[in-house]
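Asks: Data file entry_33.pdb (PDB, C-alpha atoms) is appended below.
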```pdb
ATOM      1  CA  MET J 283     251.578  61.914 -30.713
ATOM      2  CA  THR J 284     247.905  61.375 -29.974
ATOM      3  CA  PRO J 285     246.161  57.978 -30.277
ATOM      4  CA  ALA J 286     244.588  59.170 -33.533
ATOM      5  CA  GLU J 287     248.003  60.067 -34.935
ATOM      6  CA  LEU J 288     249.424  56.751 -33.776
ATOM      7  CA  SER J 289     246.513  54.906 -35.417
ATOM      8  CA  ARG J 290     247.334  56.658 -38.681
ATOM      9  CA  ALA J 291     251.006  55.728 -38.292
ATOM     10  CA  VAL J 292     250.108  52.059 -37.824
ATOM     11  CA  LEU J 293     247.748  52.208 -40.801
ATOM     12  CA  SER J 294     250.488  53.768 -42.922
ATOM     13  CA  THR J 295     252.814  50.966 -41.841
ATOM     14  CA  VAL J 296     250.316  48.360 -43.063
ATOM     15  CA  ARG J 297     249.960  50.173 -46.394
ATOM     16  CA  ARG J 298     253.724  50.285 -46.903
ATOM     17  CA  ALA J 299     254.086  46.591 -46.023
ATOM     18  CA  VAL J 300     251.372  45.726 -48.559
ATOM     19  CA  ALA J 301     252.965  47.953 -51.221
ATOM     20  CA  ALA J 302     256.307  46.185 -50.637
ATOM     21  CA  ASP J 303     254.550  42.788 -51.003
ATOM     22  CA  GLU J 304     255.521  41.858 -47.444
ATOM     23  CA  LEU J 305     251.837  41.328 -46.661
ATOM     24  CA  ARG J 306     249.042  40.345 -49.011
ATOM     25  CA  VAL J 307     245.937  41.707 -47.353
ATOM     26  CA  THR J 308     243.285  44.336 -47.882
ATOM     27  CA  VAL J 309     244.298  47.454 -45.983
ATOM     28  CA  PRO J 310     241.620  48.211 -43.342
ATOM     29  CA  ASP J 311     239.914  51.585 -43.225
ATOM     30  CA  ARG J 312     240.808  52.171 -39.581
ATOM     31  CA  ILE J 313     243.100  50.691 -36.954
ATOM     32  CA  SER J 314     242.553  50.945 -33.218
ATOM     33  CA  VAL J 315     245.219  51.591 -30.606
ATOM     34  CA  GLN J 316     244.492  51.508 -26.889
ATOM     35  CA  ARG J 317     246.194  52.022 -23.582
ATOM     36  CA  PRO J 318     247.368  48.575 -22.377
ATOM     37  CA  PRO J 319     245.557  47.132 -19.354
ATOM     38  CA  ARG J 320     248.748  46.594 -17.336
ATOM     39  CA  PRO J 321     251.889  48.644 -16.625
ATOM     40  CA  GLY J 322     255.072  47.588 -18.380
ATOM     41  CA  CYS J 323     253.334  46.878 -21.707
ATOM     42  CA  GLY J 324     254.298  50.082 -23.463
ATOM     43  CA  ASP J 325     252.250  53.241 -23.860
ATOM     44  CA  TYR J 326     249.817  51.847 -26.424
ATOM     45  CA  ALA J 327     248.910  48.468 -27.892
ATOM     46  CA  THR J 328     247.227  47.293 -31.084
ATOM     47  CA  ASN J 329     245.899  43.911 -32.192
ATOM     48  CA  VAL J 330     246.178  44.727 -35.908
ATOM     49  CA  ALA J 331     248.437  41.720 -36.563
ATOM     50  CA  LEU J 332     245.804  39.368 -35.179
ATOM     51  CA  GLN J 333     243.174  41.018 -37.349
ATOM     52  CA  LEU J 334     245.232  40.628 -40.526
ATOM     53  CA  ALA J 335     246.690  37.173 -39.910
ATOM     54  CA  GLY J 336     243.801  35.194 -41.390
ATOM     55  CA  ALA J 337     243.765  37.128 -44.647
ATOM     56  CA  ALA J 338     247.569  37.108 -44.797
ATOM     57  CA  GLY J 339     247.647  33.320 -44.443
ATOM     58  CA  CYS J 340     250.382  33.302 -41.792
ATOM     59  CA  PRO J 341     250.614  33.307 -37.968
ATOM     60  CA  PRO J 342     249.841  36.596 -36.202
ATOM     61  CA  ARG J 343     253.362  36.871 -34.775
ATOM     62  CA  GLU J 344     254.817  36.762 -38.295
ATOM     63  CA  VAL J 345     252.509  39.591 -39.352
ATOM     64  CA  ALA J 346     253.449  41.433 -36.161
ATOM     65  CA  GLU J 347     257.163  41.122 -36.936
ATOM     66  CA  VAL J 348     256.691  42.585 -40.418
ATOM     67  CA  LEU J 349     254.843  45.539 -38.944
ATOM     68  CA  ARG J 350     257.153  45.895 -35.945
ATOM     69  CA  LYS J 351     260.244  46.474 -38.112
ATOM     70  CA  ARG J 352     258.558  49.234 -40.057
ATOM     71  CA  LEU J 353     256.680  50.827 -37.166
ATOM     72  CA  ALA J 354     259.824  51.070 -35.027
ATOM     73  CA  THR J 355     261.298  53.541 -37.525
ATOM     74  CA  GLU J 356     258.344  55.946 -37.324
ATOM     75  CA  PRO J 357     259.130  59.375 -35.809
ATOM     76  CA  GLY J 358     257.992  59.648 -32.203
ATOM     77  CA  ILE J 359     258.156  55.908 -31.512
ATOM     78  CA  ALA J 360     260.913  54.677 -29.221
ATOM     79  CA  GLN J 361     260.186  50.940 -29.164
ATOM     80  CA  VAL J 362     257.783  48.318 -30.518
ATOM     81  CA  VAL J 363     257.578  44.915 -28.835
ATOM     82  CA  ILE J 364     255.570  41.858 -29.857
ATOM     83  CA  ALA J 365     253.587  40.425 -26.953
ATOM     84  CA  GLY J 366     251.460  37.307 -26.500
ATOM     85  CA  PRO J 367     249.926  35.884 -29.674
ATOM     86  CA  GLY J 368     250.831  38.953 -31.738
ATOM     87  CA  PHE J 369     249.969  42.213 -29.997
ATOM     88  CA  LEU J 370     252.195  45.180 -30.767
ATOM     89  CA  ASN J 371     253.128  47.144 -27.646
ATOM     90  CA  ILE J 372     254.302  50.619 -28.582
ATOM     91  CA  THR J 373     256.390  52.976 -26.464
ATOM     92  CA  LEU J 374     256.569  56.624 -27.493
ATOM     93  CA  ASP J 375     259.690  58.707 -27.099
ATOM     94  CA  ALA J 376     259.853  61.720 -24.808
ATOM     95  CA  ALA J 377     259.724  64.177 -27.708
ATOM     96  CA  ALA J 378     256.397  62.719 -28.861
ATOM     97  CA  TYR J 379     254.969  63.326 -25.413
ATOM     98  CA  GLY J 380     256.307  66.846 -25.518
ATOM     99  CA  ASP J 381     254.333  67.309 -28.735
ATOM    100  CA  VAL J 382     251.124  66.332 -26.906
ATOM    101  CA  VAL J 383     251.738  68.984 -24.263
ATOM    102  CA  ARG J 384     252.502  71.600 -26.907
ATOM    103  CA  LYS J 385     249.289  70.808 -28.783
ATOM    104  CA  VAL J 386     247.229  71.261 -25.642
ATOM    105  CA  LEU J 387     248.862  74.564 -24.802
ATOM    106  CA  GLU J 388     248.549  75.815 -28.384
ATOM    107  CA  ARG J 389     244.864  74.899 -28.743
ATOM    108  CA  GLY J 390     243.825  75.736 -25.204
ATOM    109  CA  ALA J 391     240.103  75.229 -24.596
ATOM    110  CA  ALA J 392     239.719  73.934 -28.167
ATOM    111  CA  TYR J 393     241.949  70.909 -27.512
ATOM    112  CA  GLY J 394     239.900  67.785 -28.085
ATOM    113  CA  HIS J 395     237.595  69.515 -30.556
ATOM    114  CA  GLY J 396     237.697  68.493 -34.202
ATOM    115  CA  ASP J 397     235.737  67.814 -37.370
ATOM    116  CA  ALA J 398     235.210  64.048 -37.169
ATOM    117  CA  LEU J 399     231.429  64.526 -37.392
ATOM    118  CA  ALA J 400     231.447  67.287 -40.002
ATOM    119  CA  GLY J 401     228.507  66.831 -42.348
ATOM    120  CA  THR J 402     226.393  65.205 -39.634
ATOM    121  CA  TYR J 403     223.087  66.923 -38.834
ATOM    122  CA  VAL J 404     221.432  66.158 -35.511
ATOM    123  CA  THR J 405     218.422  67.496 -33.648
ATOM    124  CA  THR J 406     217.822  66.247 -30.112
ATOM    125  CA  VAL J 407     214.459  66.163 -28.394
ATOM    126  CA  HIS J 408     213.474  65.493 -24.797
ATOM    127  CA  ASP J 409     210.384  65.599 -22.606
ATOM    128  CA  GLY J 410     211.648  68.274 -20.212
ATOM    129  CA  GLU J 411     212.611  65.818 -17.458
ATOM    130  CA  PRO J 412     215.707  67.332 -15.737
ATOM    131  CA  ARG J 413     218.171  64.587 -16.552
ATOM    132  CA  ALA J 414     217.019  64.285 -20.159
ATOM    133  CA  ALA J 415     217.197  68.066 -20.592
ATOM    134  CA  VAL J 416     220.733  68.347 -19.210
ATOM    135  CA  THR J 417     221.900  65.335 -21.207
ATOM    136  CA  ALA J 418     220.437  66.767 -24.435
ATOM    137  CA  GLU J 419     222.170  70.095 -23.836
ATOM    138  CA  VAL J 420     225.557  68.454 -23.234
ATOM    139  CA  LEU J 421     225.155  66.110 -26.191
ATOM    140  CA  GLU J 422     224.659  69.147 -28.392
ATOM    141  CA  ARG J 423     227.881  70.651 -27.042
ATOM    142  CA  LEU J 424     229.762  67.405 -27.689
ATOM    143  CA  LEU J 425     228.374  67.072 -31.197
ATOM    144  CA  ARG J 426     229.288  70.655 -32.061
ATOM    145  CA  SER J 427     232.790  70.151 -30.654
ATOM    146  CA  CYS J 428     233.219  67.349 -33.202
ATOM    147  CA  GLY J 429     231.977  69.412 -36.132
ATOM    148  CA  ALA J 430     228.356  68.251 -36.296
ATOM    149  CA  SER J 431     225.530  70.656 -37.064
ATOM    150  CA  VAL J 432     222.997  70.570 -34.249
ATOM    151  CA  GLY J 433     219.405  71.724 -34.468
ATOM    152  CA  ALA J 434     219.903  72.769 -38.077
ATOM    153  CA  GLY J 435     216.859  73.360 -40.199
ATOM    154  CA  ASP J 436     218.253  71.143 -42.956
ATOM    155  CA  SER J 437     218.512  68.073 -40.756
ATOM    156  CA  VAL J 438     218.308  65.006 -42.968
ATOM    157  CA  GLU J 439     217.285  62.657 -40.164
ATOM    158  CA  PRO J 440     214.391  62.726 -37.693
ATOM    159  CA  PRO J 441     215.163  64.204 -34.242
ATOM    160  CA  GLU J 442     216.898  61.896 -31.796
ATOM    161  CA  PRO J 443     215.046  61.355 -28.505
ATOM    162  CA  VAL J 444     217.187  61.594 -25.384
ATOM    163  CA  SER J 445     216.484  58.510 -23.292
ATOM    164  CA  VAL J 446     217.829  58.294 -19.730
ATOM    165  CA  ARG J 447     216.650  56.928 -16.428
ATOM    166  CA  PRO J 448     214.803  59.855 -14.762
ATOM    167  CA  ALA J 449     216.302  61.698 -11.825
ATOM    168  CA  GLY J 450     213.128  61.501  -9.733
ATOM    169  CA  ALA J 451     213.115  65.186  -8.817
ATOM    170  CA  THR J 452     212.444  68.519 -10.476
ATOM    171  CA  ALA J 453     215.236  70.768 -11.685
ATOM    172  CA  ALA J 454     214.395  73.332  -8.981
ATOM    173  CA  GLN J 455     214.523  70.682  -6.254
ATOM    174  CA  LEU J 456     217.882  69.381  -7.481
ATOM    175  CA  CYS J 457     219.487  72.814  -7.714
ATOM    176  CA  GLU J 458     218.197  73.795  -4.280
ATOM    177  CA  ARG J 459     219.562  70.577  -2.796
ATOM    178  CA  LEU J 460     222.875  70.320  -4.669
ATOM    179  CA  GLY J 461     223.580  73.550  -6.528
ATOM    180  CA  PRO J 462     223.981  73.711 -10.319
ATOM    181  CA  ASP J 463     227.428  72.096 -10.683
ATOM    182  CA  ALA J 464     226.836  69.088  -8.452
ATOM    183  CA  THR J 465     223.393  68.637 -10.023
ATOM    184  CA  ARG J 466     224.857  68.441 -13.514
ATOM    185  CA  TRP J 467     227.602  66.046 -12.396
ATOM    186  CA  ALA J 468     225.092  63.798 -10.640
ATOM    187  CA  LEU J 469     222.900  63.624 -13.737
ATOM    188  CA  LEU J 470     225.680  63.259 -16.315
ATOM    189  CA  ARG J 471     228.179  60.977 -14.570
ATOM    190  CA  PRO J 472     226.190  57.692 -14.578
ATOM    191  CA  PRO J 473     225.501  55.836 -17.841
ATOM    192  CA  ALA J 474     222.021  56.516 -19.226
ATOM    193  CA  ASP J 475     220.561  53.242 -17.899
ATOM    194  CA  ASP J 476     221.815  53.788 -14.335
ATOM    195  CA  THR J 477     219.907  55.614 -11.630
ATOM    196  CA  PRO J 478     221.777  58.786 -10.615
ATOM    197  CA  SER J 479     222.872  59.090  -6.996
ATOM    198  CA  LEU J 480     221.676  62.372  -5.506
ATOM    199  CA  ASP J 481     223.193  62.145  -2.036
ATOM    200  CA  PRO J 482     224.321  65.641  -0.934
ATOM    201  CA  ALA J 483     226.671  64.081   1.630
ATOM    202  CA  VAL J 484     228.725  62.701  -1.273
ATOM    203  CA  LEU J 485     228.190  65.252  -4.016
ATOM    204  CA  LEU J 486     228.928  68.280  -1.838
ATOM    205  CA  SER J 487     231.747  66.702   0.132
ATOM    206  CA  GLN J 488     235.122  68.446  -0.096
ATOM    207  CA  ARG J 489     236.939  65.129   0.224
ATOM    208  CA  ALA J 490     238.718  62.656  -2.024
ATOM    209  CA  GLY J 491     235.712  60.323  -1.940
ATOM    210  CA  ASN J 492     233.788  62.800  -4.102
ATOM    211  CA  PRO J 493     234.837  62.408  -7.774
ATOM    212  CA  LEU J 494     233.627  65.888  -8.715
ATOM    213  CA  PHE J 495     235.715  67.389  -5.924
ATOM    214  CA  ARG J 496     238.784  65.455  -7.115
ATOM    215  CA  VAL J 497     238.362  66.722 -10.667
ATOM    216  CA  ARG J 498     237.918  70.335  -9.614
ATOM    217  CA  TYR J 499     240.654  70.083  -6.989
ATOM    218  CA  ALA J 500     243.108  68.714  -9.576
ATOM    219  CA  HIS J 501     242.277  71.651 -11.848
ATOM    220  CA  ALA J 502     242.675  74.185  -9.036
ATOM    221  CA  ARG J 503     245.938  72.544  -7.952
ATOM    222  CA  SER J 504     247.345  72.774 -11.482
ATOM    223  CA  ARG J 505     246.611  76.497 -11.516
ATOM    224  CA  ALA J 506     248.106  76.980  -8.053
ATOM    225  CA  LEU J 507     251.327  75.338  -9.261
ATOM    226  CA  LEU J 508     251.591  77.873 -12.066
ATOM    227  CA  ARG J 509     251.011  80.784  -9.685
ATOM    228  CA  ASN J 510     253.621  79.460  -7.256
ATOM    229  CA  ALA J 511     256.078  78.817 -10.075
ATOM    230  CA  HIS J 512     255.664  82.378 -11.301
ATOM    231  CA  ASP J 513     256.462  83.661  -7.822
ATOM    232  CA  LEU J 514     259.629  81.533  -7.859
ATOM    233  CA  GLY J 515     260.638  82.735 -11.318
ATOM    234  CA  ILE J 516     260.117  79.302 -12.914
ATOM    235  CA  GLU J 517     258.440  79.113 -16.316
ATOM    236  CA  PRO J 518     256.867  76.026 -17.913
ATOM    237  CA  SER J 519     258.653  74.398 -20.858
ATOM    238  CA  SER J 520     257.448  71.548 -23.055
ATOM    239  CA  ASP J 521     260.994  70.653 -24.171
ATOM    240  CA  ALA J 522     261.311  67.014 -23.080
ATOM    241  CA  SER J 523     264.621  66.416 -24.850
ATOM    242  CA  ASP J 524     266.343  65.767 -21.520
ATOM    243  CA  GLY J 525     264.446  62.491 -21.166
ATOM    244  CA  THR J 526     261.714  63.731 -18.875
ATOM    245  CA  PHE J 527     258.309  62.104 -19.410
ATOM    246  CA  HIS J 528     259.414  58.533 -18.824
ATOM    247  CA  HIS J 529     258.314  58.070 -15.220
ATOM    248  CA  PRO J 530     255.139  55.912 -15.144
ATOM    249  CA  ALA J 531     253.232  58.700 -13.386
ATOM    250  CA  GLU J 532     254.153  61.060 -16.230
ATOM    251  CA  THR J 533     253.413  58.679 -19.093
ATOM    252  CA  ASP J 534     250.098  57.560 -17.581
ATOM    253  CA  LEU J 535     248.999  61.176 -17.287
ATOM    254  CA  LEU J 536     250.211  62.027 -20.782
ATOM    255  CA  GLY J 537     248.416  59.022 -22.225
ATOM    256  CA  LEU J 538     245.118  60.200 -20.739
ATOM    257  CA  ILE J 539     245.675  63.718 -22.077
ATOM    258  CA  ALA J 540     246.490  62.347 -25.522
ATOM    259  CA  ASP J 541     243.389  60.134 -25.404
ATOM    260  CA  TYR J 542     241.027  62.982 -24.537
ATOM    261  CA  PRO J 543     240.122  63.932 -28.147
ATOM    262  CA  ARG J 544     239.163  60.311 -28.857
ATOM    263  CA  VAL J 545     237.023  60.220 -25.709
ATOM    264  CA  VAL J 546     235.169  63.381 -26.749
ATOM    265  CA  GLU J 547     234.532  62.004 -30.225
ATOM    266  CA  THR J 548     233.377  58.641 -28.852
ATOM    267  CA  ALA J 549     231.072  60.347 -26.355
ATOM    268  CA  ALA J 550     229.546  62.374 -29.187
ATOM    269  CA  ARG J 551     229.139  59.391 -31.506
ATOM    270  CA  HIS J 552     227.554  57.183 -28.847
ATOM    271  CA  ARG J 553     225.545  60.011 -27.230
ATOM    272  CA  ALA J 554     227.251  59.206 -23.932
ATOM    273  CA  PRO J 555     228.469  62.274 -21.970
ATOM    274  CA  ASP J 556     229.230  59.997 -19.007
ATOM    275  CA  ARG J 557     232.362  58.909 -20.890
ATOM    276  CA  VAL J 558     233.762  62.420 -20.643
ATOM    277  CA  ALA J 559     232.982  62.625 -16.913
ATOM    278  CA  ARG J 560     234.681  59.304 -16.195
ATOM    279  CA  HIS J 561     237.712  60.288 -18.264
ATOM    280  CA  LEU J 562     238.055  63.499 -16.265
ATOM    281  CA  GLU J 563     238.054  61.403 -13.080
ATOM    282  CA  ARG J 564     240.868  59.211 -14.390
ATOM    283  CA  LEU J 565     242.765  62.283 -15.544
ATOM    284  CA  ALA J 566     242.413  63.976 -12.140
ATOM    285  CA  ASP J 567     243.553  60.851 -10.286
ATOM    286  CA  ALA J 568     246.555  60.483 -12.602
ATOM    287  CA  PHE J 569     247.454  64.139 -12.080
ATOM    288  CA  LEU J 570     247.339  63.842  -8.304
ATOM    289  CA  ARG J 571     249.600  60.787  -8.487
ATOM    290  CA  PHE J 572     251.969  62.672 -10.802
ATOM    291  CA  HIS J 573     251.949  65.628  -8.422
ATOM    292  CA  ASP J 574     253.094  63.381  -5.560
ATOM    293  CA  GLU J 575     255.625  61.234  -7.436
ATOM    294  CA  CYS J 576     257.067  63.784  -9.897
ATOM    295  CA  PRO J 577     256.941  67.157  -8.094
ATOM    296  CA  PRO J 578     256.564  69.999 -10.588
ATOM    297  CA  LEU J 579     258.176  72.445  -8.145
ATOM    298  CA  PRO J 580     261.415  72.192  -6.146
ATOM    299  CA  ARG J 581     261.024  70.950  -2.599
ATOM    300  CA  GLY J 582     262.949  72.258   0.377
ATOM    301  CA  ASP J 583     266.386  73.538  -0.613
ATOM    302  CA  GLU J 584     266.253  71.866  -4.012
ATOM    303  CA  LYS J 585     267.231  74.110  -6.916
ATOM    304  CA  PRO J 586     264.951  74.478  -9.948
ATOM    305  CA  LEU J 587     265.834  72.008 -12.687
ATOM    306  CA  ALA J 588     264.823  71.636 -16.321
ATOM    307  CA  ALA J 589     262.620  68.741 -15.238
ATOM    308  CA  HIS J 590     260.575  71.089 -13.070
ATOM    309  CA  CYS J 591     259.896  73.371 -16.046
ATOM    310  CA  VAL J 592     258.813  70.425 -18.183
ATOM    311  CA  ARG J 593     256.568  69.032 -15.462
ATOM    312  CA  LEU J 594     255.012  72.457 -14.995
ATOM    313  CA  SER J 595     254.015  72.424 -18.657
ATOM    314  CA  LEU J 596     252.410  69.021 -18.098
ATOM    315  CA  ALA J 597     250.533  70.398 -15.086
ATOM    316  CA  GLU J 598     249.364  73.360 -17.182
ATOM    317  CA  ALA J 599     248.199  71.038 -19.967
ATOM    318  CA  THR J 600     246.330  68.874 -17.471
ATOM    319  CA  GLY J 601     244.511  71.868 -16.041
ATOM    320  CA  THR J 602     243.594  72.996 -19.549
ATOM    321  CA  VAL J 603     242.064  69.605 -20.415
ATOM    322  CA  LEU J 604     240.203  69.374 -17.097
ATOM    323  CA  ALA J 605     238.750  72.859 -17.578
ATOM    324  CA  GLY J 606     237.778  72.076 -21.169
ATOM    325  CA  GLY J 607     236.085  68.829 -20.189
ATOM    326  CA  LEU J 608     234.151  70.442 -17.362
ATOM    327  CA  ASP J 609     233.083  73.208 -19.716
ATOM    328  CA  LEU J 610     231.680  70.653 -22.171
ATOM    329  CA  LEU J 611     229.639  69.261 -19.266
ATOM    330  CA  GLY J 612     228.501  72.768 -18.317
ATOM    331  CA  ILE J 613     230.328  72.630 -14.970
ATOM    332  CA  SER J 614     232.513  75.414 -13.627
ATOM    333  CA  ALA J 615     236.246  74.941 -13.079
ATOM    334  CA  PRO J 616     237.299  77.334 -10.292
ATOM    335  CA  GLU J 617     240.963  78.211  -9.934
ATOM    336  CA  HIS J 618     240.650  78.298  -6.151
ATOM    337  CA  LEU J 619     238.906  75.764  -3.907
TER     338      LEU J 619
END
```
Before anything else, please render the file you have as structure tokens.

Replies:
Amino acid sequence: MTPAELSRAVLSTVRRAVAADELRVTVPDRISVQRPPRPGCGDYATNVALQLAGAAGCPPREVAEVLRKRLATEPGIAQVVIAGPGFLNITLDAAAYGDVVRKVLERGAAYGHGDALAGTYVTTVHDGEPRAAVTAEVLERLLRSCGASVGAGDSVEPPEPVSVRPAGATAAQLCERLGPDATRWALLRPPADDTPSLDPAVLLSQRAGNPLFRVRYAHARSRALLRNAHDLGIEPSSDASDGTFHHPAETDLLGLIADYPRVVETAARHRAPDRVARHLERLADAFLRFHDECPPLPRGDEKPLAAHCVRLSLAEATGTVLAGGLDLLGISAPEHL
């Protein structure tokens, strides 16, 4: 279950509560769910009860209880808890997480792409400055990945200028100093108003202090796990019916994978490719933690278990999302580092 699917489930719950006259409110067009800021608060949280309380004419916790009872019966949801003034903290079941992995593996490089911006026509323009040019190119990729038509002759709106803080160097100078991949990362990673850091000692470092290295290393490590598993005769499986996918390192990683389509859409809507880069960093860090705390392969004399097969599928899905995100940014994702 992705955040978008969970949002629709919560929205459906509100509609059913209104239809049953349990709540007397206008059903909102959209409902937001987010990853909670602290561990132990479920997999996702929503403040919908607080939003509806005023119109419903009752305390937020009463609205939350009405919704909690209904939402807890939705397929893929293991538990719903009311927290604080009326937040709903939602925990998904293992099977729902297995569905996320299956969707990634089924869609491959197209995971995260959709049609949320279908019918939108955009033409970007820039002055040729290196950072503006790279940003415009990536924005077009993001917009297309969300179904928008880019550079179409029937654009109904004037071209959008790409406005970023300049890099302070020519494209040739940057590529000579950093190479194409590190150049693109340096120009795309900071928000548009920030000055990009162009320090080769950081951007070309093969160490954990370099975010680009961590992202590419996590991708390469996920592919190495699959090669090693094949040599051991172990195949990935997304069947999480044995209860796998409940360790915090697993659920944190799965939550970031599930959230990736929303991040891509948000980056396209707000013309902010830096959001994709930062999400890939978080995803890589979560994968490396998962790799250490939930080994996808047997260690020592340990025999292969079903959990190893399931974790391998999660590693494969992570590598797929990392490669897809880097591709949207125009950055290579090598299988060996």

Asks: Out of J:Val382, J:Ile313, J:Ala511, J:Leu480, which residue has the shortest atom-to-atom distance to J:Ile539 when counting all atoms listed in the file?

Replies: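 That would be J:Val382, the residue with the smallest distance to J:Ile539.
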
Asks: Report the residues retrieved by the PyMOL selection byres ((chain J and resi 385) around 12) from the displayed file, expressed as JSON, numbers by chain.

Replies: {"J": [283, 284, 378, 379, 380, 381, 382, 383, 384, 386, 387, 388, 389, 390, 391, 392, 393, 394, 395, 520, 536, 539, 540, 543, 595, 596, 598, 599, 600, 602, 603]}

Asks: Translate the PyMOL selection byres ((chain J and resi 420) around 12), as applied to the file shown, into an explicit residue set as an MDAnalysis selection string.

Replies: chainID J and resid 406 413:419 421:427 432 444 466:467 469:471 546 549:550 553:559 607:613

Asks: Pull C-alpha atoms from the residues just selected and write them as an mmCIF file, keeping the file's coordinate frame.

Replies:
```cif
data_model
loop_
_atom_site.group_PDB
_atom_site.id
_atom_site.type_symbol
_atom_site.label_atom_id
_atom_site.label_comp_id
_atom_site.auth_asym_id
_atom_site.auth_seq_id
_atom_site.Cartn_x
_atom_site.Cartn_y
_atom_site.Cartn_z
ATOM 1 C CA THR J 406 217.822 66.247 -30.112
ATOM 2 C CA ARG J 413 218.171 64.587 -16.552
ATOM 3 C CA ALA J 414 217.019 64.285 -20.159
ATOM 4 C CA ALA J 415 217.197 68.066 -20.592
ATOM 5 C CA VAL J 416 220.733 68.347 -19.210
ATOM 6 C CA THR J 417 221.900 65.335 -21.207
ATOM 7 C CA ALA J 418 220.437 66.767 -24.435
ATOM 8 C CA GLU J 419 222.170 70.095 -23.836
ATOM 9 C CA LEU J 421 225.155 66.110 -26.191
ATOM 10 C CA GLU J 422 224.659 69.147 -28.392
ATOM 11 C CA ARG J 423 227.881 70.651 -27.042
ATOM 12 C CA LEU J 424 229.762 67.405 -27.689
ATOM 13 C CA LEU J 425 228.374 67.072 -31.197
ATOM 14 C CA ARG J 426 229.288 70.655 -32.061
ATOM 15 C CA SER J 427 232.790 70.151 -30.654
ATOM 16 C CA VAL J 432 222.997 70.570 -34.249
ATOM 17 C CA VAL J 444 217.187 61.594 -25.384
ATOM 18 C CA ARG J 466 224.857 68.441 -13.514
ATOM 19 C CA TRP J 467 227.602 66.046 -12.396
ATOM 20 C CA LEU J 469 222.900 63.624 -13.737
ATOM 21 C CA LEU J 470 225.680 63.259 -16.315
ATOM 22 C CA ARG J 471 228.179 60.977 -14.570
ATOM 23 C CA VAL J 546 235.169 63.381 -26.749
ATOM 24 C CA ALA J 549 231.072 60.347 -26.355
ATOM 25 C CA ALA J 550 229.546 62.374 -29.187
ATOM 26 C CA ARG J 553 225.545 60.011 -27.230
ATOM 27 C CA ALA J 554 227.251 59.206 -23.932
ATOM 28 C CA PRO J 555 228.469 62.274 -21.970
ATOM 29 C CA ASP J 556 229.230 59.997 -19.007
ATOM 30 C CA ARG J 557 232.362 58.909 -20.890
ATOM 31 C CA VAL J 558 233.762 62.420 -20.643
ATOM 32 C CA ALA J 559 232.982 62.625 -16.913
ATOM 33 C CA GLY J 607 236.085 68.829 -20.189
ATOM 34 C CA LEU J 608 234.151 70.442 -17.362
ATOM 35 C CA ASP J 609 233.083 73.208 -19.716
ATOM 36 C CA LEU J 610 231.680 70.653 -22.171
ATOM 37 C CA LEU J 611 229.639 69.261 -19.266
ATOM 38 C CA GLY J 612 228.501 72.768 -18.317
ATOM 39 C CA ILE J 613 230.328 72.630 -14.970
#
```

Asks: Please list as a PyMOL selection string every residue within 9 Å of J:Ala453, counting all atoms listed in the file and excluding residues in the same chain fewer than 6 positions away.

Replies: chain J and resi 411-413+465

Asks: Do you know which residues are at most 12 Å from stretch 360-369 of chain J counting all atoms listed in the file, after dropping those on the same chain fewer than 2 positions away, and could you put them as a VMD selection string?

Replies: chain J and resid 283 292 314 to 316 318 322 to 335 340 to 358 371 to 379 525 528

Asks: Would you export the selected residues with C-alpha atoms as a short mmCIF file (atom, residue, chain, number, x, y, z; two decimals), keeping the file's coordinate frame, please?

Replies:
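Okay, again-v6.cif is ready:
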```cif
data_model
loop_
_atom_site.label_atom_id
_atom_site.label_comp_id
_atom_site.auth_asym_id
_atom_site.auth_seq_id
_atom_site.Cartn_x
_atom_site.Cartn_y
_atom_site.Cartn_z
CA MET J 283 251.58 61.91 -30.71
CA VAL J 292 250.11 52.06 -37.82
CA SER J 314 242.55 50.94 -33.22
CA VAL J 315 245.22 51.59 -30.61
CA GLN J 316 244.49 51.51 -26.89
CA PRO J 318 247.37 48.58 -22.38
CA GLY J 322 255.07 47.59 -18.38
CA CYS J 323 253.33 46.88 -21.71
CA GLY J 324 254.30 50.08 -23.46
CA ASP J 325 252.25 53.24 -23.86
CA TYR J 326 249.82 51.85 -26.42
CA ALA J 327 248.91 48.47 -27.89
CA THR J 328 247.23 47.29 -31.08
CA ASN J 329 245.90 43.91 -32.19
CA VAL J 330 246.18 44.73 -35.91
CA ALA J 331 248.44 41.72 -36.56
CA LEU J 332 245.80 39.37 -35.18
CA GLN J 333 243.17 41.02 -37.35
CA LEU J 334 245.23 40.63 -40.53
CA ALA J 335 246.69 37.17 -39.91
CA CYS J 340 250.38 33.30 -41.79
CA PRO J 341 250.61 33.31 -37.97
CA PRO J 342 249.84 36.60 -36.20
CA ARG J 343 253.36 36.87 -34.78
CA GLU J 344 254.82 36.76 -38.30
CA VAL J 345 252.51 39.59 -39.35
CA ALA J 346 253.45 41.43 -36.16
CA GLU J 347 257.16 41.12 -36.94
CA VAL J 348 256.69 42.58 -40.42
CA LEU J 349 254.84 45.54 -38.94
CA ARG J 350 257.15 45.90 -35.94
CA LYS J 351 260.24 46.47 -38.11
CA ARG J 352 258.56 49.23 -40.06
CA LEU J 353 256.68 50.83 -37.17
CA ALA J 354 259.82 51.07 -35.03
CA THR J 355 261.30 53.54 -37.52
CA GLU J 356 258.34 55.95 -37.32
CA PRO J 357 259.13 59.38 -35.81
CA GLY J 358 257.99 59.65 -32.20
CA ASN J 371 253.13 47.14 -27.65
CA ILE J 372 254.30 50.62 -28.58
CA THR J 373 256.39 52.98 -26.46
CA LEU J 374 256.57 56.62 -27.49
CA ASP J 375 259.69 58.71 -27.10
CA ALA J 376 259.85 61.72 -24.81
CA ALA J 377 259.72 64.18 -27.71
CA ALA J 378 256.40 62.72 -28.86
CA TYR J 379 254.97 63.33 -25.41
CA GLY J 525 264.45 62.49 -21.17
CA HIS J 528 259.41 58.53 -18.82
#
```
